[in-house]
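Engineer: Just protein-v2.tsv, nothing more (TSV, C-alpha atoms):
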chain	number	residue	atom	x	y	z
A	1	MET	CA	0.00	0.00	0.00
A	2	ALA	CA	1.37	3.38	-1.02
A	3	ASP	CA	1.69	6.31	1.32
A	4	ILE	CA	-1.53	8.30	1.43
A	5	HIS	CA	0.19	11.48	0.24
A	6	VAL	CA	1.40	9.65	-2.89
A	7	GLU	CA	-2.13	8.35	-3.62
A	8	GLU	CA	-3.48	11.89	-3.19
A	9	PHE	CA	-0.76	13.17	-5.53
A	10	TYR	CA	-1.83	10.74	-8.26
A	11	LYS	CA	-5.47	11.73	-7.83
A	12	ASP	CA	-4.65	15.46	-7.92
A	13	VAL	CA	-2.56	14.97	-11.06
A	14	ALA	CA	-5.29	12.94	-12.76
A	15	ILE	CA	-8.00	15.51	-11.97
A	16	ALA	CA	-5.86	18.47	-13.05
A	17	LEU	CA	-4.84	16.84	-16.33
A	18	ALA	CA	-8.41	15.76	-17.09
A	19	GLN	CA	-9.63	19.34	-16.48
A	20	LEU	CA	-6.93	20.79	-18.72
A	21	TYR	CA	-7.57	18.21	-21.45
A	22	ALA	CA	-11.29	19.05	-21.41
A	23	ALA	CA	-10.46	22.75	-21.92
A	24	PHE	CA	-7.61	22.26	-24.42
A	25	PRO	CA	-6.38	24.40	-26.19
A	26	ARG	CA	-8.05	27.14	-24.15
A	27	ARG	CA	-6.24	28.42	-21.12
A	28	THR	CA	-8.16	27.95	-17.90
A	29	ASN	CA	-7.72	28.58	-14.20
A	30	LEU	CA	-6.96	25.51	-12.11
A	31	PHE	CA	-8.32	25.97	-8.59
A	32	VAL	CA	-6.84	23.82	-5.84
A	33	GLU	CA	-10.23	23.70	-4.11
A	34	ASP	CA	-11.81	22.14	-7.23
A	35	ILE	CA	-9.20	19.39	-7.14
A	36	ALA	CA	-8.51	18.71	-3.45
A	37	GLY	CA	-11.77	19.92	-1.93
A	38	PRO	CA	-12.65	22.90	0.25
A	39	ASP	CA	-10.06	24.33	2.60
A	40	GLU	CA	-10.31	26.92	5.33
A	41	PRO	CA	-7.05	28.71	6.11
A	42	ASP	CA	-6.21	28.78	9.81
A	43	GLU	CA	-6.13	31.89	12.00
A	44	PHE	CA	-2.77	32.83	10.47
A	45	GLY	CA	-4.05	32.49	6.89
A	46	LEU	CA	-2.15	29.25	6.28
A	47	HIS	CA	-3.72	26.48	4.24
A	48	SER	CA	-3.91	22.84	5.31
A	49	LYS	CA	-1.19	20.35	4.39
A	50	ARG	CA	-3.64	18.70	1.99
A	51	HIS	CA	-4.31	21.98	0.16
A	52	MET	CA	-0.60	22.76	-0.06
A	53	ALA	CA	0.20	19.25	-1.31
A	54	CYS	CA	-2.28	19.71	-4.16
A	55	PHE	CA	-0.86	23.14	-4.96
A	56	GLY	CA	2.60	21.57	-4.93
A	57	ALA	CA	1.45	18.85	-7.33
A	58	LEU	CA	0.23	21.52	-9.77
A	59	LEU	CA	3.56	23.34	-9.58
A	60	TRP	CA	5.37	20.02	-10.06
A	61	LEU	CA	3.39	19.37	-13.26
A	62	GLN	CA	4.72	22.66	-14.61
A	63	GLU	CA	8.28	21.91	-13.51
A	64	GLU	CA	8.09	18.54	-15.30
A	65	GLY	CA	6.87	20.17	-18.52
A	66	LEU	CA	3.29	18.87	-18.49
A	67	LEU	CA	1.51	22.20	-18.14
A	68	ARG	CA	2.15	25.92	-18.49
A	69	TYR	CA	0.53	28.80	-16.64
A	70	VAL	CA	0.81	32.58	-16.59
A	71	ASP	CA	0.85	33.14	-12.83
A	72	THR	CA	-0.36	31.78	-9.52
A	73	ILE	CA	-3.39	33.24	-7.77
A	74	ARG	CA	-1.93	33.28	-4.27
A	75	GLN	CA	-1.82	29.60	-3.28
A	76	GLU	CA	-5.37	29.12	-4.52
A	77	ALA	CA	-4.96	28.45	-8.24
A	78	LEU	CA	-2.88	28.52	-11.40
A	79	ASP	CA	-3.92	31.35	-13.69
A	80	GLN	CA	-4.39	30.56	-17.39
A	81	ALA	CA	-3.07	27.01	-17.31
A	82	VAL	CA	-2.83	24.84	-20.43
A	83	LEU	CA	-1.39	21.44	-21.27
A	84	THR	CA	1.99	21.37	-22.96
A	85	ARG	CA	2.36	19.64	-26.30
A	86	GLU	CA	4.03	16.68	-24.58
A	87	ALA	CA	1.14	16.17	-22.15
A	88	PHE	CA	-1.51	16.59	-24.85
A	89	VAL	CA	0.18	14.09	-27.15
A	90	ARG	CA	0.63	11.58	-24.33
A	91	LEU	CA	-2.98	11.86	-23.12
A	92	SER	CA	-4.26	11.51	-26.69
A	93	ALA	CA	-2.07	8.48	-27.42
A	94	PRO	CA	-3.49	4.96	-27.44
A	95	ALA	CA	-2.77	2.94	-24.35
A	96	PRO	CA	-2.00	-0.76	-24.57
A	97	GLN	CA	-5.17	-2.89	-24.68
A	98	SER	CA	-3.82	-5.01	-21.83
A	99	LEU	CA	-3.61	-1.93	-19.61
A	100	ALA	CA	-7.13	-0.83	-20.52
A	101	ARG	CA	-8.42	-4.32	-19.66
A	102	LYS	CA	-6.44	-4.35	-16.40
A	103	LEU	CA	-8.05	-1.03	-15.40
A	104	ASN	CA	-11.50	-2.21	-16.58
A	105	ALA	CA	-11.71	0.81	-18.88
A	106	LEU	CA	-13.07	-1.05	-21.90
A	107	PRO	CA	-16.80	-1.71	-22.26
A	108	GLU	CA	-18.05	-5.28	-22.51
A	109	GLU	CA	-19.36	-4.86	-26.07
A	110	ALA	CA	-16.69	-5.52	-28.64
A	111	ASN	CA	-18.79	-4.37	-31.63
A	112	LEU	CA	-18.13	-0.66	-31.26
A	113	PRO	CA	-17.29	1.57	-34.24
A	114	ALA	CA	-13.57	2.04	-34.86
A	115	SER	CA	-13.69	5.73	-33.91
A	116	VAL	CA	-15.27	4.90	-30.54
A	117	GLN	CA	-12.76	2.10	-29.92
A	118	GLN	CA	-9.93	4.51	-30.74
A	119	ASN	CA	-11.28	7.11	-28.28
A	120	LEU	CA	-11.73	4.50	-25.55
A	121	SER	CA	-8.15	3.35	-25.94
A	122	THR	CA	-6.49	6.67	-25.06
A	123	TYR	CA	-4.66	7.51	-21.85
A	124	ILE	CA	-7.12	10.33	-21.11
A	125	HIS	CA	-9.94	7.79	-21.22
A	126	LEU	CA	-8.04	5.57	-18.79
A	127	LEU	CA	-7.56	8.51	-16.41
A	128	ARG	CA	-11.23	9.50	-16.63
A	129	ALA	CA	-12.40	5.91	-16.13
A	130	ALA	CA	-10.11	5.51	-13.11
A	131	LEU	CA	-11.36	8.78	-11.60
A	132	LYS	CA	-14.96	7.73	-12.19
A	133	ASN	CA	-14.28	4.39	-10.51
A	134	GLY	CA	-12.67	6.15	-7.54
A	135	SER	CA	-10.17	3.40	-6.80
A	136	SER	CA	-6.87	4.92	-5.69
A	137	THR	CA	-5.08	1.85	-7.07
A	138	ARG	CA	-6.59	2.35	-10.53
A	139	ILE	CA	-5.91	6.08	-10.48
A	140	SER	CA	-2.28	5.45	-9.49
A	141	LEU	CA	-1.81	2.85	-12.23
A	142	ALA	CA	-3.40	5.08	-14.88
A	143	VAL	CA	-1.20	8.08	-14.00
A	144	GLN	CA	1.93	5.92	-13.80
A	145	ALA	CA	1.18	4.33	-17.17
A	146	ALA	CA	0.42	7.67	-18.81
A	147	PHE	CA	3.43	9.61	-17.56
A	148	PHE	CA	6.04	7.37	-15.98
A	149	THR	CA	6.32	4.82	-18.78
A	150	ASP	CA	8.87	5.50	-21.48
A	151	PHE	CA	7.33	5.93	-24.96
A	152	SER	CA	10.27	4.14	-26.58
A	153	ALA	CA	9.81	1.15	-24.28
A	154	GLU	CA	6.31	0.76	-25.71
A	155	GLY	CA	7.41	1.23	-29.29
A	156	LEU	CA	5.83	4.70	-29.48
A	157	HIS	CA	7.73	7.59	-30.99
Could you quickly redo this structure as structure tokens?

Structural biologist:
Amino acid sequence: MADIHVEEFYKDVAIALAQLYAAFPRRTNLFVEDIAGPDEPDEFGLHSKRHMACFGALLWLQEEGLLRYVDTIRQEALDQAVLTREAFVRLSAPAPQSLARKLNALPEEANLPASVQQNLSTYIHLLRAALKNGSSTRISLAVQAAFFTDFSAEGLH
């Protein structure tokens, strides 16, 4: 079992990337509260560790080249965030069928049109399906497969 902060990181990353993909190529504000849930700063104006971990995950995504933003809105949001080319290409890429089956992201019916099958085989679909399912294990596996697996190891270029 992974540390809870790592599981929360994967979930925050999946939610943020799904939000940015849904808005692509428009720039949008990413609010920490929309990803990690409501937070009330303490009497000194400091946010909870959970809120700051989510904010840190968003900053990490930028540092790793997966998103860009114009500025931060205090520690509440990223202003005008957008996926980078690398993240968009990776999320749009087809995932291995074995992974989709492992994450139960493929529907039972096999007689779907090719365009629907193609859409259901993408990494963004795997992330969305894992988020919908709510299983932290599935979310972790989907994020790891989408971003921590080398394209060349899969034969993708």

Engineer: Can you tell me which residues surround Lys49 in chain A at a distance of at most 10 Å, considering all atoms listed in the file, apart from same-chain residues fewer than 5 positions away, and format the answer as a short mmCIF file (atom, residue, chain, number, x, y, z; two decimals) with C-alpha atoms, in the coordinates of the input?

Structural biologist:
data_model
loop_
_atom_site.label_atom_id
_atom_site.label_comp_id
_atom_site.auth_asym_id
_atom_site.auth_seq_id
_atom_site.Cartn_x
_atom_site.Cartn_y
_atom_site.Cartn_z
CA HIS A 5 0.19 11.48 0.24
CA ASP A 39 -10.06 24.33 2.60
CA CYS A 54 -2.28 19.71 -4.16
CA PHE A 55 -0.86 23.14 -4.96
#

Engineer: Point out the residue among A:Val13, A:Ala93, A:Ala146, A:Leu30 with the least atom-to-atom distance to Ala53 in chain A, counting all atoms listed in the file.

Structural biologist: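 Smallest distance to Ala53 in chain A is found for A:Val13.
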
Engineer: Which residues, written as a PyMOL selection string, have at least one atom at most 8 Å from range 56-64 of chain A, with only C-alpha atoms counted and residues fewer than 2 positions away on the same chain left out?

Structural biologist: chain A and resi 9+12-13+16+52-54+66-69+78

Engineer: Looking at A:Leu91, A:Val143, A:Val82, A:Ile124, which one is nearest to Asn29 in chain A, with distances taken over all atoms listed in the file?

Structural biologist: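 Under the stated criterion, the closest residue is A:Val82.
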
Engineer: Please compute the CA of Ser136 in chain A-CA of Lys102 in chain A distance, one decimal, in Å.

Structural biologist: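 Calculated distance between CA of Ser136 in chain A and CA of Lys102 in chain A is 14.2 Å.
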
Engineer: Pick out the closest residue to Asp71 in chain A from this set: A:Arg27, A:Ala18, A:Gln144, A:Pro96. Count only C-alpha atoms.

Structural biologist: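 Nearest candidate to Asp71 in chain A out of A:Arg27, A:Ala18, A:Gln144, A:Pro96: A:Arg27.
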